[in-house]
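What follows is data23.txt (compact mmCIF, C-alpha atoms (C1' of nucleotides)).
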```
# COMPACT_ATOMS: atom_id res chain seq x y z
CA MET A 1 54.24 -40.11 -45.45
CA GLN A 2 57.63 -38.62 -46.23
CA ASP A 3 58.26 -36.77 -43.02
CA PRO A 4 57.73 -39.55 -40.43
CA LEU A 5 60.20 -41.69 -42.36
CA ARG A 6 62.77 -38.95 -42.15
CA ARG A 7 62.02 -38.42 -38.50
CA PHE A 8 62.77 -42.09 -38.00
CA LYS A 9 66.09 -41.80 -39.83
CA ALA A 10 66.94 -38.64 -37.94
CA ASP A 11 66.27 -40.44 -34.67
CA ILE A 12 68.69 -43.20 -35.63
CA PHE A 13 71.36 -40.66 -36.53
CA GLN A 14 70.66 -38.89 -33.27
CA ALA A 15 71.36 -42.15 -31.47
CA LEU A 16 74.67 -42.39 -33.35
CA ALA A 17 75.56 -38.77 -32.62
CA HIS A 18 77.65 -39.28 -29.52
CA PRO A 19 81.28 -40.38 -29.25
CA THR A 20 80.57 -42.80 -26.43
CA ARG A 21 77.75 -44.49 -28.30
CA ILE A 22 79.94 -44.78 -31.39
CA ALA A 23 82.64 -46.34 -29.23
CA ILE A 24 80.11 -48.78 -27.80
CA LEU A 25 78.89 -49.82 -31.24
CA GLU A 26 82.41 -50.19 -32.56
CA LEU A 27 83.33 -52.39 -29.62
CA LEU A 28 80.18 -54.46 -30.05
CA GLY A 29 80.91 -54.76 -33.75
CA GLU A 30 83.63 -57.22 -32.83
CA GLY A 31 81.27 -59.35 -30.78
CA GLU A 32 78.96 -59.52 -27.81
CA LEU A 33 80.06 -57.85 -24.58
CA SER A 34 78.60 -57.49 -21.11
CA ALA A 35 77.73 -54.07 -19.77
CA GLY A 36 80.52 -54.44 -17.27
CA ALA A 37 83.06 -55.27 -19.96
CA LEU A 38 81.99 -52.19 -21.91
CA ILE A 39 82.30 -49.99 -18.85
CA GLU A 40 85.78 -51.31 -18.25
CA LYS A 41 86.93 -50.94 -21.85
CA LEU A 42 85.53 -47.43 -22.06
CA GLY A 43 86.86 -46.43 -18.67
CA MET A 44 83.76 -44.41 -17.91
CA GLU A 45 81.17 -44.03 -15.17
CA GLN A 46 78.79 -46.95 -14.82
CA ALA A 47 75.65 -44.80 -14.84
CA ASN A 48 76.83 -42.89 -17.86
CA VAL A 49 77.49 -45.98 -19.96
CA SER A 50 74.21 -47.48 -18.83
CA GLN A 51 72.35 -44.39 -20.01
CA HIS A 52 74.00 -44.54 -23.40
CA LEU A 53 73.07 -48.22 -23.63
CA ALA A 54 69.51 -47.24 -22.81
CA VAL A 55 69.51 -44.85 -25.78
CA LEU A 56 70.83 -47.55 -28.10
CA ARG A 57 68.22 -49.97 -26.77
CA ALA A 58 65.40 -47.48 -27.20
CA LYS A 59 66.33 -47.00 -30.84
CA GLN A 60 66.75 -50.77 -31.24
CA LEU A 61 70.34 -50.52 -32.37
CA VAL A 62 71.43 -53.18 -29.90
CA THR A 63 69.90 -56.26 -28.34
CA ASN A 64 70.61 -57.61 -24.89
CA ARG A 65 70.30 -60.93 -23.16
CA LYS A 66 70.53 -61.51 -19.45
CA VAL A 67 72.76 -64.25 -18.13
CA GLY A 68 72.38 -64.49 -14.41
CA ASN A 69 73.66 -61.30 -12.96
CA GLN A 70 74.96 -59.81 -16.19
CA VAL A 71 73.55 -58.31 -19.36
CA PHE A 72 75.23 -59.02 -22.68
CA TYR A 73 74.84 -56.58 -25.53
CA SER A 74 75.29 -57.01 -29.24
CA VAL A 75 74.66 -55.01 -32.38
CA ARG A 76 71.22 -55.74 -33.75
CA ASP A 77 71.89 -55.22 -37.45
CA PRO A 78 75.25 -55.29 -39.25
CA ILE A 79 74.04 -52.42 -41.42
CA ILE A 80 74.89 -50.14 -38.52
CA ILE A 81 78.46 -51.40 -38.52
CA GLU A 82 78.51 -50.82 -42.25
CA VAL A 83 77.38 -47.23 -41.71
CA LEU A 84 80.21 -46.71 -39.24
CA ARG A 85 82.64 -48.23 -41.73
CA LEU A 86 81.45 -45.80 -44.39
CA MET A 87 81.94 -42.93 -41.96
CA ARG A 88 85.50 -44.06 -41.49
CA SER A 89 86.15 -43.79 -45.22
CA PHE A 90 84.43 -40.42 -45.21
CA PHE A 91 86.80 -39.37 -42.48
CA HIS A 92 89.82 -40.52 -44.41
CA ALA A 93 88.61 -38.82 -47.56
CA HIS A 94 88.38 -35.53 -45.68
CA LEU A 95 91.26 -35.90 -43.32
CA LYS A 96 92.57 -32.41 -43.93
CA GLU A 97 89.37 -30.52 -43.31
CA ALA A 98 88.69 -32.81 -40.41
CA MET A 99 92.01 -31.77 -38.91
CA GLY A 100 90.92 -28.19 -39.38
CA MET A 101 87.71 -28.89 -37.54
CA LEU A 102 89.59 -30.59 -34.74
CA ASP A 103 91.87 -27.59 -34.48
CA GLU A 104 88.83 -25.34 -34.16
CA MET A 105 87.46 -27.59 -31.49
CA GLN A 106 90.71 -27.45 -29.57
CA LYS A 107 90.86 -23.68 -29.87
CA ASP A 108 87.30 -23.42 -28.57
CA LEU A 109 88.23 -25.71 -25.75
CA ALA A 110 91.27 -23.61 -24.89
CA GLU A 111 89.31 -20.38 -24.97
CA SER A 112 86.55 -21.68 -22.74
CA GLY A 113 89.28 -22.79 -20.35
CA ARG A 114 90.61 -19.28 -19.86
CA MET B 1 93.89 -40.16 -30.49
CA GLN B 2 90.81 -42.36 -30.51
CA ASP B 3 88.36 -39.97 -28.95
CA PRO B 4 88.77 -36.94 -31.25
CA LEU B 5 88.10 -39.20 -34.22
CA ARG B 6 84.89 -40.38 -32.67
CA ARG B 7 83.95 -36.85 -31.78
CA PHE B 8 84.35 -35.98 -35.44
CA LYS B 9 82.12 -38.85 -36.50
CA ALA B 10 79.58 -37.97 -33.84
CA ASP B 11 79.52 -34.40 -35.16
CA ILE B 12 78.76 -35.64 -38.65
CA PHE B 13 75.95 -37.82 -37.35
CA GLN B 14 74.69 -34.88 -35.35
CA ALA B 15 74.48 -32.90 -38.57
CA LEU B 16 72.46 -35.72 -40.12
CA ALA B 17 70.19 -35.98 -37.09
CA HIS B 18 67.38 -33.76 -38.27
CA PRO B 19 64.53 -34.56 -40.67
CA THR B 20 64.89 -31.30 -42.53
CA ARG B 21 68.62 -31.76 -43.09
CA ILE B 22 68.03 -35.31 -44.28
CA ALA B 23 65.41 -33.99 -46.67
CA ILE B 24 67.87 -31.38 -47.94
CA LEU B 25 70.59 -33.96 -48.53
CA GLU B 26 68.21 -36.34 -50.25
CA LEU B 27 67.04 -33.56 -52.55
CA LEU B 28 70.61 -32.52 -53.27
CA GLY B 29 71.49 -36.15 -53.92
CA GLU B 30 69.67 -35.81 -57.22
CA GLY B 31 71.62 -32.75 -58.23
CA GLU B 32 72.55 -29.20 -57.42
CA LEU B 33 69.80 -26.87 -56.20
CA SER B 34 69.59 -23.21 -55.23
CA ALA B 35 68.65 -22.24 -51.68
CA GLY B 36 65.43 -20.81 -53.03
CA ALA B 37 64.57 -24.05 -54.83
CA LEU B 38 65.17 -25.99 -51.63
CA ILE B 39 62.98 -23.65 -49.62
CA GLU B 40 60.21 -24.05 -52.15
CA LYS B 41 60.46 -27.84 -52.35
CA LEU B 42 60.54 -28.15 -48.59
CA GLY B 43 57.78 -25.62 -48.07
CA MET B 44 59.46 -24.24 -44.97
CA GLU B 45 60.50 -20.87 -43.57
CA GLN B 46 63.39 -19.24 -45.38
CA ALA B 47 65.36 -18.55 -42.21
CA ASN B 48 64.86 -22.07 -40.97
CA VAL B 49 66.15 -23.71 -44.14
CA SER B 50 69.03 -21.28 -44.24
CA GLN B 51 69.99 -22.25 -40.71
CA HIS B 52 69.96 -25.93 -41.59
CA LEU B 53 72.11 -25.19 -44.62
CA ALA B 54 74.51 -23.39 -42.32
CA VAL B 55 74.83 -26.53 -40.20
CA LEU B 56 75.51 -28.67 -43.26
CA ARG B 57 78.07 -26.14 -44.47
CA ALA B 58 79.80 -25.99 -41.09
CA LYS B 59 80.23 -29.76 -41.11
CA GLN B 60 81.31 -29.63 -44.75
CA LEU B 61 78.59 -31.96 -45.94
CA VAL B 62 77.63 -29.60 -48.73
CA THR B 63 79.42 -27.11 -50.96
CA ASN B 64 77.95 -23.95 -52.37
CA ARG B 65 78.69 -21.68 -55.28
CA LYS B 66 77.28 -18.24 -55.78
CA VAL B 67 75.82 -17.32 -59.14
CA GLY B 68 74.77 -13.73 -59.11
CA ASN B 69 72.05 -13.36 -56.61
CA GLN B 70 71.66 -17.03 -55.84
CA VAL B 71 73.56 -19.73 -54.01
CA PHE B 72 73.63 -23.25 -55.38
CA TYR B 73 74.21 -26.16 -53.06
CA SER B 74 75.36 -29.68 -53.73
CA VAL B 75 76.43 -32.69 -51.73
CA ARG B 76 80.14 -32.65 -51.15
CA ASP B 77 80.83 -36.38 -51.02
CA PRO B 78 78.66 -39.19 -52.42
CA ILE B 79 79.54 -41.25 -49.37
CA ILE B 80 76.91 -39.27 -47.51
CA ILE B 81 74.29 -40.27 -50.04
CA GLU B 82 75.47 -43.84 -49.64
CA VAL B 83 75.02 -43.57 -45.89
CA LEU B 84 71.46 -42.34 -46.41
CA ARG B 85 70.87 -45.21 -48.82
CA LEU B 86 72.07 -47.67 -46.19
CA MET B 87 69.74 -46.09 -43.67
CA ARG B 88 66.89 -46.69 -46.07
CA SER B 89 67.68 -50.40 -46.17
CA PHE B 90 67.97 -50.37 -42.40
CA PHE B 91 64.51 -48.87 -42.26
CA HIS B 92 63.08 -51.50 -44.55
CA ALA B 93 64.76 -54.28 -42.61
CA HIS B 94 63.12 -53.03 -39.43
CA LEU B 95 59.88 -51.78 -40.83
CA LYS B 96 57.75 -53.37 -38.13
CA GLU B 97 59.60 -52.01 -35.13
CA ALA B 98 59.89 -48.72 -36.92
CA MET B 99 56.14 -48.62 -37.25
CA GLY B 100 55.94 -49.28 -33.55
CA MET B 101 58.23 -46.35 -32.89
CA LEU B 102 56.17 -44.15 -35.14
CA ASP B 103 53.04 -45.19 -33.28
CA GLU B 104 54.69 -44.21 -30.02
CA MET B 105 55.67 -40.89 -31.48
CA GLN B 106 52.13 -40.27 -32.61
CA LYS B 107 50.74 -41.23 -29.22
CA ASP B 108 53.16 -38.84 -27.53
CA LEU B 109 52.12 -36.16 -29.95
CA ALA B 110 48.43 -36.79 -29.28
CA GLU B 111 48.94 -36.72 -25.50
CA SER B 112 50.89 -33.50 -25.56
CA GLY B 113 48.09 -32.04 -27.64
CA ARG B 114 45.47 -32.60 -24.96
C1' DC C 1 72.92 5.36 -55.73
C1' DT C 2 68.19 3.48 -54.73
C1' DG C 3 64.94 -0.32 -54.59
C1' DG C 4 64.18 -4.98 -54.50
C1' DA C 5 65.30 -9.86 -54.74
C1' DA C 6 67.92 -13.90 -52.58
C1' DT C 7 70.21 -15.45 -48.79
C1' DA C 8 72.44 -15.22 -44.17
C1' DT C 9 72.73 -13.89 -39.34
C1' DT C 10 71.13 -12.57 -34.75
C1' DC C 11 67.99 -12.69 -30.78
C1' DG C 12 64.98 -14.61 -27.44
C1' DC C 13 62.71 -18.48 -25.94
C1' DA C 14 61.26 -23.23 -25.32
C1' DT C 15 62.78 -27.81 -25.39
C1' DG C 16 66.28 -31.54 -25.62
C1' DT C 17 70.59 -33.76 -24.25
C1' DG C 18 74.57 -35.27 -21.29
C1' DG C 19 76.77 -35.64 -16.94
C1' DT C 20 77.18 -36.93 -11.92
C1' DA C 21 75.34 -38.39 -7.64
C1' DA C 22 72.04 -40.96 -5.46
C1' DT C 23 68.75 -44.62 -5.46
C1' DA C 24 66.47 -48.71 -7.15
C1' DT C 25 66.19 -53.41 -9.02
C1' DA C 26 67.59 -58.06 -9.98
C1' DC C 27 70.12 -61.95 -9.28
C1' DA C 28 73.56 -64.97 -6.70
C1' DT C 29 75.78 -66.58 -2.60
C1' DT C 30 75.88 -67.62 2.03
C1' DA D 1 66.62 -63.71 5.15
C1' DA D 2 70.99 -60.86 4.54
C1' DT D 3 74.71 -59.27 1.87
C1' DG D 4 77.19 -58.32 -2.35
C1' DT D 5 77.56 -57.55 -7.20
C1' DA D 6 75.84 -56.07 -11.80
C1' DT D 7 72.94 -53.08 -14.01
C1' DA D 8 69.19 -49.63 -14.55
C1' DT D 9 66.67 -45.51 -13.29
C1' DT D 10 65.82 -40.95 -11.28
C1' DA D 11 66.76 -36.22 -9.99
C1' DC D 12 68.99 -32.27 -10.79
C1' DC D 13 71.81 -28.99 -13.28
C1' DA D 14 74.48 -27.01 -17.14
C1' DC D 15 74.64 -26.56 -21.83
C1' DA D 16 73.16 -27.28 -26.80
C1' DT D 17 69.65 -27.13 -30.37
C1' DG D 18 65.59 -25.59 -33.16
C1' DC D 19 62.28 -22.24 -34.15
C1' DG D 20 60.12 -17.71 -35.72
C1' DA D 21 60.68 -12.76 -35.94
C1' DA D 22 63.48 -9.27 -37.01
C1' DT D 23 67.59 -7.53 -39.16
C1' DA D 24 71.68 -7.67 -42.06
C1' DT D 25 74.20 -8.61 -46.27
C1' DT D 26 74.95 -9.18 -51.13
C1' DC D 27 73.97 -8.61 -55.66
C1' DC D 28 71.26 -7.06 -59.63
C1' DA D 29 68.24 -3.69 -62.18
C1' DG D 30 67.11 0.67 -63.28
```
For the file at hand, write its structure as C-alpha cells.
Amino acid sequence: MQDPLRRFKADIFQALAHPTRIAILELLGEGELSAGALIEKLGMEQANVSQHLAVLRAKQLVTNRKVGNQVFYSVRDPIIIEVLRLMRSFFHAHLKEAMGMLDEMQKDLAESGR
Amino acid sequence: MQDPLRRFKADIFQALAHPTRIAILELLGEGELSAGALIEKLGMEQANVSQHLAVLRAKQLVTNRKVGNQVFYSVRDPIIIEVLRLMRSFFHAHLKEAMGMLDEMQKDLAESGR
DNA sequence: CTGGAATATTCGCATGTGGTAATATACATT
DNA sequence: AATGTATATTACCACATGCGAATATTCCAG
C-alpha cells in the first residue's frame, strides 16, 4: 500500500520535471490560456508544446475546454502552483549552490560543444 | 535568465521523481539515518539505494556526515519535506482519479506480464 | 598490515524521455 | 464540399535513467 502511493507522487514529480512544463504551469497559474497563446508565449514548436500539454493532461495537472477551434488550458489544482512557489523559495534559499550547479551545467555544455 | 532557473527547478523535481527517492526523503524527514539503516528499512539492494543517495546528494537535497565506518544522511532543507507534505494533500484531494491511474498502472503491469 | 564491515562507483543492458518532421483530426468559413 | 486554421498524434532517432553484478574505497579491529 505504501509503494503505489509513492509511485503516484513520483509520477507527478516526473510530470513537473521539465523546464517547458514548469513554464507552462507558471503561465497558467496566472489564468487560463489557449494552446496557441502558450505556444506564442513560449516561442516553441507547436508539436513540442502540444506533447508537453499531453503529459500534463495525462497526469491531470491541467484541465482543458474546447471553444470552437481552440483549446483553453488551466491549472487543475492550486496546490500545484503552491508547490512551484515553494520551489522558488527553495531556489532562493540555495542561490549560491544553485549558481554552482548552473556553472557546472554550462561547463558541461561547453565541453560537449567542443 | 528565465530558462536556467526553470532548468534548476526541473532538475530538483527530476530528483524527486522516483518512488525510492521519495521513500528515502520521507524516512529522513523523521530524522537522520545511516545508509545502512535506510537500506534495511527500504529492503532494497545496497548498490541501488546508494545510487539513489548519490542522486539526492548531487542535487543537494540531502547532506551526509561520516562517523567512522558509516555515513549518516539527513534532509538538507525542510522545504523539501513541505513539498512532499503538499503532494500528500494533492493526492488526497484527487484520490479518485489517482485510483484510476493506479488501476491503469496495474492493468499495464498485468498485460506486460502475459 | 590483513581481514572484514559499510558505503560508493563502474559497467552493461533494457527501458524511458524529448525533440523534430510529418500526418491526422476537428472545427469554422466560404 | 473545399479550404484554412488550431491542435493532437505518430514515427523515428538521440540521449538519459534505473537496475543488478561486479569492483573499488574507506575505515575499523586485531
Interface, chain C side, toward chain A (12 Å; all atoms listed in the file) as a ChimeraX atom specification: /C:16-23,25-29
Can you tell me, as a PDB file with C-alpha atoms, keeping the file's coordinate frame, what residues are no more than 9 Å from Thr63 of chain A when counting only C-alpha atoms (C1' of nucleotides), ignoring any on the same chain fewer than 2 positions away?
```pdb
ATOM      1  CA  LEU A  56      70.830 -47.550 -28.100  1.00  0.00           C
ATOM      2  CA  ARG A  57      68.220 -49.970 -26.770  1.00  0.00           C
ATOM      3  CA  GLN A  60      66.750 -50.770 -31.240  1.00  0.00           C
ATOM      4  CA  LEU A  61      70.340 -50.520 -32.370  1.00  0.00           C
ATOM      5  CA  ARG A  65      70.300 -60.930 -23.160  1.00  0.00           C
ATOM      6  CA  PHE A  72      75.230 -59.020 -22.680  1.00  0.00           C
ATOM      7  CA  TYR A  73      74.840 -56.580 -25.530  1.00  0.00           C
ATOM      8  CA  SER A  74      75.290 -57.010 -29.240  1.00  0.00           C
ATOM      9  CA  VAL A  75      74.660 -55.010 -32.380  1.00  0.00           C
ATOM     10  CA  ARG A  76      71.220 -55.740 -33.750  1.00  0.00           C
TER      11      ARG A  76
END
```
Atomic distance atom CA of Gly31 of chain B - atom CA of Val49 of chain B, expressed in Å with one decimal: 17.6 Å
Pairwise distance for atom CA of Gly29 of chain B and atom C1' of DG20 of chain D, rounded to one decimal in Å: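 It comes out at 28.3 Å.
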Atom pair atom CA of Ala10 of chain A / atom CA of Ile22 of chain B: separation (Å):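 A separation of 7.2 Å between them.
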Contact set, chain A to chain B: 9 Å, all atoms listed in the file, as number ranges by chain: A: 3-23, 59-60, 77, 79-80, 82-84, 86-91, 93, 97-98, 101-102
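The part of chain D that reaches within 8 Å of chain A is made up of D:DT5, D:DA6, D:DT7, D:DA8, counting only C-alpha atoms (C1' of nucleotides).
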Incomplete segment 55-85 of chain A filled out to N, CA and C atoms as a PDB file, in the frame of the given file:
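Saved as result.pdb:
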```pdb
ATOM      1  N   VAL A  55      69.831 -45.545 -24.517  1.00  0.00           N
ATOM      2  CA  VAL A  55      69.510 -44.850 -25.780  1.00  0.00           C
ATOM      3  C   VAL A  55      69.573 -45.827 -26.944  1.00  0.00           C
ATOM      4  N   LEU A  56      70.661 -46.600 -26.997  1.00  0.00           N
ATOM      5  CA  LEU A  56      70.830 -47.550 -28.100  1.00  0.00           C
ATOM      6  C   LEU A  56      69.730 -48.615 -28.082  1.00  0.00           C
ATOM      7  N   ARG A  57      69.306 -49.014 -26.892  1.00  0.00           N
ATOM      8  CA  ARG A  57      68.220 -49.970 -26.770  1.00  0.00           C
ATOM      9  C   ARG A  57      66.909 -49.355 -27.275  1.00  0.00           C
ATOM     10  N   ALA A  58      66.657 -48.140 -26.827  1.00  0.00           N
ATOM     11  CA  ALA A  58      65.400 -47.480 -27.200  1.00  0.00           C
ATOM     12  C   ALA A  58      65.262 -47.370 -28.712  1.00  0.00           C
ATOM     13  N   LYS A  59      66.372 -47.120 -29.385  1.00  0.00           N
ATOM     14  CA  LYS A  59      66.330 -47.000 -30.840  1.00  0.00           C
ATOM     15  C   LYS A  59      66.576 -48.341 -31.520  1.00  0.00           C
ATOM     16  N   GLN A  60      66.620 -49.398 -30.730  1.00  0.00           N
ATOM     17  CA  GLN A  60      66.750 -50.770 -31.240  1.00  0.00           C
ATOM     18  C   GLN A  60      68.037 -50.999 -32.020  1.00  0.00           C
ATOM     19  N   LEU A  61      69.078 -50.303 -31.660  1.00  0.00           N
ATOM     20  CA  LEU A  61      70.340 -50.520 -32.370  1.00  0.00           C
ATOM     21  C   LEU A  61      71.110 -51.686 -31.763  1.00  0.00           C
ATOM     22  N   VAL A  62      70.784 -52.033 -30.543  1.00  0.00           N
ATOM     23  CA  VAL A  62      71.430 -53.180 -29.900  1.00  0.00           C
ATOM     24  C   VAL A  62      70.361 -54.099 -29.301  1.00  0.00           C
ATOM     25  N   THR A  63      70.750 -55.342 -29.111  1.00  0.00           N
ATOM     26  CA  THR A  63      69.900 -56.260 -28.340  1.00  0.00           C
ATOM     27  C   THR A  63      70.666 -56.683 -27.107  1.00  0.00           C
ATOM     28  N   ASN A  64      69.937 -57.171 -26.112  1.00  0.00           N
ATOM     29  CA  ASN A  64      70.610 -57.610 -24.890  1.00  0.00           C
ATOM     30  C   ASN A  64      69.980 -58.895 -24.384  1.00  0.00           C
ATOM     31  N   ARG A  65      70.827 -59.733 -23.810  1.00  0.00           N
ATOM     32  CA  ARG A  65      70.300 -60.930 -23.160  1.00  0.00           C
ATOM     33  C   ARG A  65      70.888 -61.005 -21.764  1.00  0.00           C
ATOM     34  N   LYS A  66      70.069 -61.397 -20.830  1.00  0.00           N
ATOM     35  CA  LYS A  66      70.530 -61.510 -19.450  1.00  0.00           C
ATOM     36  C   LYS A  66      71.076 -62.905 -19.212  1.00  0.00           C
ATOM     37  N   VAL A  67      72.209 -62.965 -18.555  1.00  0.00           N
ATOM     38  CA  VAL A  67      72.760 -64.250 -18.130  1.00  0.00           C
ATOM     39  C   VAL A  67      73.078 -64.090 -16.669  1.00  0.00           C
ATOM     40  N   GLY A  68      72.204 -64.646 -15.839  1.00  0.00           N
ATOM     41  CA  GLY A  68      72.380 -64.490 -14.410  1.00  0.00           C
ATOM     42  C   GLY A  68      72.407 -63.030 -14.045  1.00  0.00           C
ATOM     43  N   ASN A  69      73.493 -62.647 -13.483  1.00  0.00           N
ATOM     44  CA  ASN A  69      73.660 -61.300 -12.960  1.00  0.00           C
ATOM     45  C   ASN A  69      73.972 -60.271 -14.047  1.00  0.00           C
ATOM     46  N   GLN A  70      74.413 -60.732 -15.189  1.00  0.00           N
ATOM     47  CA  GLN A  70      74.960 -59.810 -16.190  1.00  0.00           C
ATOM     48  C   GLN A  70      74.036 -59.634 -17.382  1.00  0.00           C
ATOM     49  N   VAL A  71      74.307 -58.572 -18.137  1.00  0.00           N
ATOM     50  CA  VAL A  71      73.550 -58.310 -19.360  1.00  0.00           C
ATOM     51  C   VAL A  71      74.537 -58.203 -20.510  1.00  0.00           C
ATOM     52  N   PHE A  72      74.340 -59.032 -21.514  1.00  0.00           N
ATOM     53  CA  PHE A  72      75.230 -59.020 -22.680  1.00  0.00           C
ATOM     54  C   PHE A  72      74.575 -58.290 -23.834  1.00  0.00           C
ATOM     55  N   TYR A  73      75.347 -57.382 -24.407  1.00  0.00           N
ATOM     56  CA  TYR A  73      74.840 -56.580 -25.530  1.00  0.00           C
ATOM     57  C   TYR A  73      75.491 -57.006 -26.836  1.00  0.00           C
ATOM     58  N   SER A  74      74.702 -56.868 -27.914  1.00  0.00           N
ATOM     59  CA  SER A  74      75.290 -57.010 -29.240  1.00  0.00           C
ATOM     60  C   SER A  74      74.576 -56.111 -30.235  1.00  0.00           C
ATOM     61  N   VAL A  75      75.240 -55.869 -31.355  1.00  0.00           N
ATOM     62  CA  VAL A  75      74.660 -55.010 -32.380  1.00  0.00           C
ATOM     63  C   VAL A  75      73.525 -55.752 -33.069  1.00  0.00           C
ATOM     64  N   ARG A  76      72.425 -55.069 -33.259  1.00  0.00           N
ATOM     65  CA  ARG A  76      71.220 -55.740 -33.750  1.00  0.00           C
ATOM     66  C   ARG A  76      71.296 -56.021 -35.241  1.00  0.00           C
ATOM     67  N   ASP A  77      71.886 -55.090 -35.989  1.00  0.00           N
ATOM     68  CA  ASP A  77      71.890 -55.220 -37.450  1.00  0.00           C
ATOM     69  C   ASP A  77      73.244 -54.758 -37.983  1.00  0.00           C
ATOM     70  N   PRO A  78      73.916 -55.628 -38.755  1.00  0.00           N
ATOM     71  CA  PRO A  78      75.250 -55.290 -39.250  1.00  0.00           C
ATOM     72  C   PRO A  78      75.257 -54.044 -40.135  1.00  0.00           C
ATOM     73  N   ILE A  79      74.081 -53.635 -40.607  1.00  0.00           N
ATOM     74  CA  ILE A  79      74.040 -52.420 -41.420  1.00  0.00           C
ATOM     75  C   ILE A  79      74.635 -51.249 -40.642  1.00  0.00           C
ATOM     76  N   ILE A  80      74.376 -51.230 -39.342  1.00  0.00           N
ATOM     77  CA  ILE A  80      74.890 -50.140 -38.520  1.00  0.00           C
ATOM     78  C   ILE A  80      76.416 -50.120 -38.538  1.00  0.00           C
ATOM     79  N   ILE A  81      77.002 -51.304 -38.449  1.00  0.00           N
ATOM     80  CA  ILE A  81      78.460 -51.400 -38.520  1.00  0.00           C
ATOM     81  C   ILE A  81      78.943 -50.891 -39.874  1.00  0.00           C
ATOM     82  N   GLU A  82      78.175 -51.261 -40.902  1.00  0.00           N
ATOM     83  CA  GLU A  82      78.510 -50.820 -42.250  1.00  0.00           C
ATOM     84  C   GLU A  82      78.479 -49.290 -42.345  1.00  0.00           C
ATOM     85  N   VAL A  83      77.485 -48.698 -41.721  1.00  0.00           N
ATOM     86  CA  VAL A  83      77.380 -47.230 -41.710  1.00  0.00           C
ATOM     87  C   VAL A  83      78.628 -46.636 -41.043  1.00  0.00           C
ATOM     88  N   LEU A  84      79.027 -47.221 -39.925  1.00  0.00           N
ATOM     89  CA  LEU A  84      80.210 -46.710 -39.240  1.00  0.00           C
ATOM     90  C   LEU A  84      81.460 -46.878 -40.105  1.00  0.00           C
ATOM     91  N   ARG A  85      81.499 -47.987 -40.847  1.00  0.00           N
ATOM     92  CA  ARG A  85      82.640 -48.230 -41.730  1.00  0.00           C
ATOM     93  C   ARG A  85      82.684 -47.147 -42.822  1.00  0.00           C
TER      94      ARG A  85
END
```
